[in-house]
Amino acid sequence: MDTVDTHNDPAISHHAALDARMVAAVRGVRLLGLTSWPATTQAPFLDSVARGKPLLPQVEYPKQDFSDTRRELAAIMAAADTSHPLGVYVHDSAHSWDLAAGLLEALGTRAVNDYSAQLFGVPEQPMPGNGPTTRDAARHFIQIAEELDHELLAPEEQVPVSATALQLMLQSDLDDFFDGRLITVELDRELIAKAAAGATRIRLRTSATFSAYDRAQLYHHEALVHSLTALNGREQTLLPSLALASPRITATQEGLATFAEQITGSIDIQRLKRISLRIEAIAMARDGADFIEIFNFFRAAGQTAEESFSSAQRVFRGVPTSGGAAFTKDTVYLRGLVSVHTFFRQMLRDEKLQTCRWLFAGKMTLGDAVALTPLFEAGVLAPPRWLPQWINRANGLAGALAFSLFANRIRMDQISET
């Protein structure tokens, strides 16, 4: 894309105004909030399982009407100049919000499956570089995890940490990083998942127990990517939408967050297995498996009944529990991880690691970081106020990526055992 003349460019103010309109228009489009199940659905299902007669959960979704929102988004898309980087950003963001609104209007029907596939992709989608499919990659990690013995865990990694203890430790970690209380860690009895994060709040399920890896993952994945990019996005006066979790940025956000786990040594094989099991479960649900079958799949993989319910409900958010449809968001984790890892390697090769830092200035795609670089360099967009330590250590990051670039040239199938 051509370099932008950022001086006296009327297109900048035009698209800034469109962006502000978009932020106002999508205020009620809460994709994950409106698709999530109420906590009250868990106990009746687990009771039915305990009785030996599992019953499909029935979830009622309130009827949504986003017709006004979608008309405004259509007007914004029509007014965006797609020959300008900001026009592309605004147009594509508005389009993804429109798809999200359509999904929410279809809650409880199989149409959610189609909207979800457009927003997040499907398990059969090839990985970057026309590699194996996302489902193939998931099966690879599941197999490796099952081959490894749990005795490989160090003793301290097997000691459970209570939600209360983790709250205190994580709060201290975050207060030290931000030099103040910008993110609050809270306990939540109603949470189905073990943890959930927003821009200024991380919630932990009160009854859950955590590991040392969980602490590191919550810190590097949730806080120093998801929350941090939202906080940095709030510093953007020109494009306030950079503080929002637009559906189109999900793959990059989850990929960047998972890459942060990897580069800091915070990810373990069981974590990769959990991510991969969800991808396999999504494929199974799309092929016809119902909620009970998916629940049993997670139980057979070693998850507790509560964990299996939480994992299965992620697959069936917004869709009928009878099978043949799925909420495909969790397919983005592995695909996003590979995309982000590849992007960082490309930027290293091209001596453009600074572009990687732009990814933390708000919530954006990999393509946005490249296309908006002239605006960052000209000071039109603000640089990230906060950055995780690992990306500030350029030498260490470059060393890890350089080794990865070389190691990927080694053909494992050409190496004989000695």
# chains A, B, ... in the order shown; residues from 1 in each chain; ligands from 1
call {"tool": "residues_around", "arguments": {"residues": "stretch 57-67 of chain A", "least_positions_apart": "2", "cutoff": "7 Å", "atoms": "only C-alpha atoms", "output": "PyMOL selection string"}}
result
chain A and resi 41+45+55+69-71+101+104-105+107-108+321
call {"tool": "write_last_selection", "arguments": {"atoms": "C-alpha atoms", "output": "PDB file, in the first residue's frame"}}
result
ATOM      1  CA  THR A  41     -27.258 -23.992  33.457  1.00  0.00           C
ATOM      2  CA  PHE A  45     -26.947 -30.674  33.678  1.00  0.00           C
ATOM      3  CA  LEU A  55     -30.344 -34.070  29.519  1.00  0.00           C
ATOM      4  CA  THR A  69     -26.866  -0.418  14.362  1.00  0.00           C
ATOM      5  CA  ARG A  70     -26.532  -2.282  11.073  1.00  0.00           C
ATOM      6  CA  ARG A  71     -27.937   0.636   9.056  1.00  0.00           C
ATOM      7  CA  ALA A 101     -24.695  -8.048  15.015  1.00  0.00           C
ATOM      8  CA  LEU A 104     -26.516 -11.968  17.760  1.00  0.00           C
ATOM      9  CA  GLU A 105     -29.826 -11.512  15.956  1.00  0.00           C
ATOM     10  CA  LEU A 107     -28.938 -16.537  18.554  1.00  0.00           C
ATOM     11  CA  GLY A 108     -30.322 -19.981  19.220  1.00  0.00           C
ATOM     12  CA  THR A 321     -27.216 -28.004  21.729  1.00  0.00           C
TER      13      THR A 321
END
call {"tool": "residues_around", "arguments": {"residues": "stretch 314-317 of chain A", "least_positions_apart": "2", "cutoff": "9 Å", "atoms": "only C-alpha atoms", "output": "list in words"}}
result
Leu32, Thr35, Ser36, Trp37, Leu107, Gly108, Arg278, Ile279, Ala281, Ile282, Ala285, Asp290, Phe291, Ile294, Phe309, Ser310, Ser311, Ala312, Val319, Pro320, Thr321, Gly323, Ala325, Ala326, Phe327, Thr328, Lys329 and Asp330 of chain A
call {"tool": "atom_distance", "arguments": {"atom1": "atom CA of A:Thr134", "atom2": "atom CA of A:Ile275"}}
result
11.2 Å
call {"tool": "residues_around", "arguments": {"residues": "A:His221", "least_positions_apart": "2", "cutoff": "8 Å", "atoms": "only C-alpha atoms", "output": "count of residues only"}}
result
11
call {"tool": "select_by_dssp", "arguments": {"residues": "stretch 37-241 of chain A", "states": "strand (DSSP E or B)", "output": "PyMOL selection string"}}
result
chain A and resi 126+133+161-162+184-188+195-197+201-205+209-210
call {"tool": "closest_atom_pairs", "arguments": {"of": "stretch 199-262 of chain A", "to": "stretch 113-129 of chain A", "cutoff": "10 Å", "atoms": "only C-alpha atoms", "output": "CSV"}}
result
residue,atom,partner,partner_atom,distance
A:Pro247,CA,A:Leu119,CA,6.5
A:Arg248,CA,A:Leu119,CA,6.6
A:Ile249,CA,A:Phe120,CA,9.5
A:Thr250,CA,A:Phe120,CA,7.5
A:Ala251,CA,A:Phe120,CA,7.2
call {"tool": "closest_atom_pairs", "arguments": {"of": "stretch 216-274 of chain A", "to": "stretch 356-370 of chain A", "cutoff": "6 Å", "atoms": "only C-alpha atoms", "output": "JSON lines"}}
result
{"residue": "A:Thr229", "atom": "CA", "partner": "A:Gly362", "partner_atom": "CA", "distance": 4.6}
{"residue": "A:Ala230", "atom": "CA", "partner": "A:Gly362", "partner_atom": "CA", "distance": 5.9}
{"residue": "A:Asn232", "atom": "CA", "partner": "A:Ala361", "partner_atom": "CA", "distance": 5.3}
{"residue": "A:Gly233", "atom": "CA", "partner": "A:Gly362", "partner_atom": "CA", "distance": 4.0}
{"residue": "A:Leu242", "atom": "CA", "partner": "A:Gly362", "partner_atom": "CA", "distance": 4.7}
{"residue": "A:Ala243", "atom": "CA", "partner": "A:Gly362", "partner_atom": "CA", "distance": 5.7}
{"residue": "A:Ile249", "atom": "CA", "partner": "A:Thr365", "partner_atom": "CA", "distance": 5.1}
{"residue": "A:Thr252", "atom": "CA", "partner": "A:Thr365", "partner_atom": "CA", "distance": 5.5}
call {"tool": "select_by_dssp", "arguments": {"residues": "stretch 31-240 of chain A", "states": "alpha helix (DSSP H)", "output": "ChimeraX atom specification"}}
result
/A:31-35,42-50,67-79,85-105,111-120,134-147,163-178,212-217,228-233
